[in-house]
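Taking it in order: structure first as structure tokens, then the write-up.
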2 protein chains.
Amino acid sequence: MKSTKHIDCEHCESRNKSIFCDLHGEHLATINNHKGCNIYKKGQTIFSEGFFPQGLFCINSGKVKIAQAGDNGREQIIRLTKEGDILGYRALLSGEKYIASAIALEDCNICLIPKEIFFKVIESETSLSMQIMKLLSRDLGKAEHKITDLAQKPVRERMAEAILFLKETFGTENDGKTLNIVLSREEIANVVGTATETAIRLLSEFKSDAIIELQAKKIKIINYDKLVKTANIHD
Amino acid sequence: MKSTKHIDCEHCESRNKSIFCDLHGEHLATINNHKGCNIYKKGQTIFSEGFFPQGLFCINSGKVKIAQAGDNGREQIIRLTKEGDILGYRALLSGEKYIASAIALEDCNICLIPKEIFFKVIESETSLSMQIMKLLSRDLGKAEHKITDLAQKPVRERMAEAILFLKETFGTENDGKTLNIVLSREEIANVVGTATETAIRLLSEFKSDAIIELQAKKIKIINYDKLVKTANIHD
DNA sequence: CTAAAAACATGATTTAAATCATGTTTTTAA
DNA sequence: TTAAAAACATGATTTAAATCATGTTTTTAG
């Protein structure tokens, strides 16, 4: 299933966008020597809920969703990630099993640093553990913000906020408006935390309200201010 | 407003339950010499959303709620803490403002370690930063679990889960059944993420279903198994 | 290239939970 | 101690959003 395509950490472009950007010399060489590098096709699972982590994943290229399975079988997307992001650190650092699964949204190239190597490096690199603490605490902030949203905001506002979040996370194409991410309506619903039909309806509404345009699966923001207003953000 | 009542870190009982339990010698002395110690009355604010953190709070005694204000003015309780817990680390480590406020649920004794001192210590104590990473990643796990709950579970299940969470977090009195925490109905609603009336109704229901007993504000779990079943937990 | 299966779309109906309304009990503070 | 204000409680009503139902379009696989 997995193909291998080794990339040298030293000259890895996505490393410069990652928490390993300041790493060099011996530690970087150690990681480079022990890491594995794999290709995952769209839809493939990188890791699954319930398993113990064996190492830290680094996304070299491609986009990945992190999703939790609810009882009813519906998935809740709790994070969306891209090149330069790391995967599986929550479980690795907490010493717990994965509480969510990671699935490739497109063809991906992802490295795996064995856990022993990873722990060895962070124990001797204070700056790296500071970076990780920053990452974790920002994730926590986002998650807690989402909790309040889910508990208090109507779906319409959450949908608007989700579109803004997608823009923030994945950026746009050259026009500065078309979101650089493709998700199915069901996946969008699973980000927002609503039924698929509701997500479809809301996107249609936003379209007829001239807030967005829909070309196939792509979302284009044509009235950013109105979108922000619809999201009802107040910080 | 605040009274002072200095407690020596070296012999601090709550330290042994905290992330500082393994700390000793020079670093501990540094913290002890620079920390401040204050008394907060029930209802007093320890820190407020929107401000930059000046240090790390350590709860010596008392219980504290961490809550976010939604637009409609309703608060969402995102964490509940007690003696031995630390406060304000999320904002401190992310370099951001507080995204929530901390309010004393009872009279508290809380110390404050200035941020410079705290950062100095974690930078030279690898084991401490590992502990903090574990704390943050477990918090993150709990928050993400809550996101899925809020998005997918009906209120009744969430209320049952909240009562189990309160037992888990604060334990019980000597009978092993009465929760060792007092919250108003409104506060319970703000933990669950529902309207106050709904929370009141659900508690009454649980009472007539012989799952809990209510003596004034105290909640007593009289049928634990049924409560677990009602929470519909499946991991 | 075509059949089957997903994914998308929209209307109709149901329902869970919020809101509104009103009364009682408990707590707080003058 | 006694008003006033919170907090608690319960019933009635409304409403946002889920579910159900059905049809169309797009994608996938043999």
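Ligands are numbered from 1 in the order shown, chains are lettered A, B, ... in the order of the structure tokens, and residues start at 1 in each chain.
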
Kindly determine which residues of chain A lie within 10 Å of chain D, considering only C-alpha atoms (C1' of nucleotides), and give the answer as a ChimeraX atom specification. /A:154-155,194-198,216

Please report as a PyMOL selection string which residues of chain A come no farther than 9 Å from chain B, using only C-alpha atoms. chain A and resi 50+68-72+74-78+89-96+99+122-124+126-127+129-130+132-141+143-153+190+192-194+232-235

Could you save those same residues with C-alpha atoms as a compact mmCIF listing (two decimals), in the first residue's frame?
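Saved result, part_10.txt, follows:
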# COMPACT_ATOMS: atom_id res chain seq x y z
CA GLY A 50 -7.35 3.37 19.55
CA GLN A 68 -12.99 11.37 15.72
CA ALA A 69 -15.76 8.80 15.30
CA GLY A 70 -18.93 9.56 17.26
CA ASP A 71 -21.37 6.78 18.25
CA ASN A 72 -23.84 7.26 15.43
CA ARG A 74 -20.58 10.15 12.09
CA GLU A 75 -17.10 11.60 12.08
CA GLN A 76 -16.16 14.86 13.74
CA ILE A 77 -13.22 16.61 12.11
CA ILE A 78 -11.21 18.11 14.96
CA TYR A 89 2.06 14.53 18.81
CA ARG A 90 -0.94 14.75 21.11
CA ALA A 91 -1.06 11.00 21.75
CA LEU A 92 2.71 10.69 21.74
CA LEU A 93 3.24 13.36 24.38
CA SER A 94 0.29 12.42 26.57
CA GLY A 95 1.32 8.77 26.59
CA GLU A 96 -2.19 7.80 25.53
CA ILE A 99 -8.17 9.47 20.19
CA ILE A 122 13.28 17.03 22.51
CA GLU A 123 14.94 16.13 25.79
CA SER A 124 18.17 17.76 24.69
CA THR A 126 14.90 23.05 24.99
CA SER A 127 13.85 25.31 22.13
CA SER A 129 10.06 21.55 23.52
CA MET A 130 9.16 25.22 23.89
CA ILE A 132 5.85 22.06 21.02
CA MET A 133 4.36 23.63 24.13
CA LYS A 134 3.41 26.63 22.06
CA LEU A 135 1.84 24.39 19.43
CA LEU A 136 -0.11 22.39 22.00
CA SER A 137 -1.35 25.44 23.86
CA ARG A 138 -2.51 27.10 20.65
CA ASP A 139 -4.31 23.91 19.63
CA LEU A 140 -5.90 23.90 23.06
CA GLY A 141 -6.99 27.51 22.66
CA ALA A 143 -10.33 23.67 20.70
CA GLU A 144 -11.72 25.59 23.66
CA HIS A 145 -12.93 28.36 21.39
CA LYS A 146 -14.70 25.72 19.32
CA ILE A 147 -16.35 24.29 22.43
CA THR A 148 -17.90 27.67 23.22
CA ASP A 149 -18.95 28.08 19.59
CA LEU A 150 -20.65 24.70 19.47
CA ALA A 151 -22.40 25.35 22.76
CA GLN A 152 -23.60 28.83 21.95
CA LYS A 153 -23.60 29.76 18.28
CA ASN A 190 -18.24 17.33 10.01
CA VAL A 192 -18.98 22.57 11.50
CA GLY A 193 -20.71 19.88 13.52
CA THR A 194 -24.01 19.71 11.72
CA ASN A 232 -20.44 37.10 14.24
CA ILE A 233 -16.95 37.27 15.71
CA HIS A 234 -16.51 39.70 18.55
CA ASP A 235 -13.07 39.40 20.04

Per-residue nearest contacts chain C to chain A, cut-off 9 Å, using only C-alpha atoms (C1' of nucleotides), as JSON lines:
{"residue": "C:DA7", "atom": "C1'", "partner": "A:Ser184", "partner_atom": "CA", "distance": 7.8}
{"residue": "C:DC8", "atom": "C1'", "partner": "A:Ile200", "partner_atom": "CA", "distance": 7.8}
{"residue": "C:DA9", "atom": "C1'", "partner": "A:Ile200", "partner_atom": "CA", "distance": 7.5}
{"residue": "C:DT10", "atom": "C1'", "partner": "A:Arg201", "partner_atom": "CA", "distance": 8.3}

Of the candidates B:Leu227, B:Ala210, B:Val182, B:Leu128, which shows the shortest atom-to-atom distance to Met159 in chain B, using only C-alpha atoms?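 Residue with the minimum atom-to-atom distance to Met159 in chain B: B:Leu227.
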
Within 12 Å of range 221-224 of chain B, counting only C-alpha atoms (C1' of nucleotides), which residues show up once you throw out same-chain ones fewer than 3 positions away? Write them as a ChimeraX atom specification, please. /B:160-161,163-164,166-167,171-173,175-180,203,206-215,218,227-231

Using DSSP on the backbone coordinates, identify all residues within range 30-233 of chain A classified as helix (DSSP H, G or I); present the result as a ChimeraX atom specification. /A:30-34,89-94,115-124,126-152,155-170,185-192,196-208,224-231

What separation in Å, quoted to one decimal, exists between CA of Ala104 in chain B and CA of Gln44 in chain B? 5.5 Å

How far is it from CA of Gly55 in chain B to CA of Cys37 in chain B, in Å with one decimal? 12.2 Å

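Proximity to Asp8 in chain B at 12 Å, evaluated using only C-alpha atoms (C1' of nucleotides) and with sequence-adjacent residues fewer than 6 positions away removed, yields Ser14, Arg15, Leu28, Ala29, Thr30, Ile31, Asn32, Asn33, His34, Lys35, Gly36, Cys37, Asn60 and Cys111 of chain B.
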
If you run DSSP on the backbone here, which positions in range 27-96 of chain B get strand (DSSP E)? Please write them as an MDAnalysis selection string. chainID B and resid 36:40 45:47 55:61 64:69 75:81 86:87

Would you please work out which residue, of B:Asp107, B:Leu23, B:Leu202, B:Phe51, is nearest to DA17 in chain C when using only C-alpha atoms (C1' of nucleotides)? B:Leu202
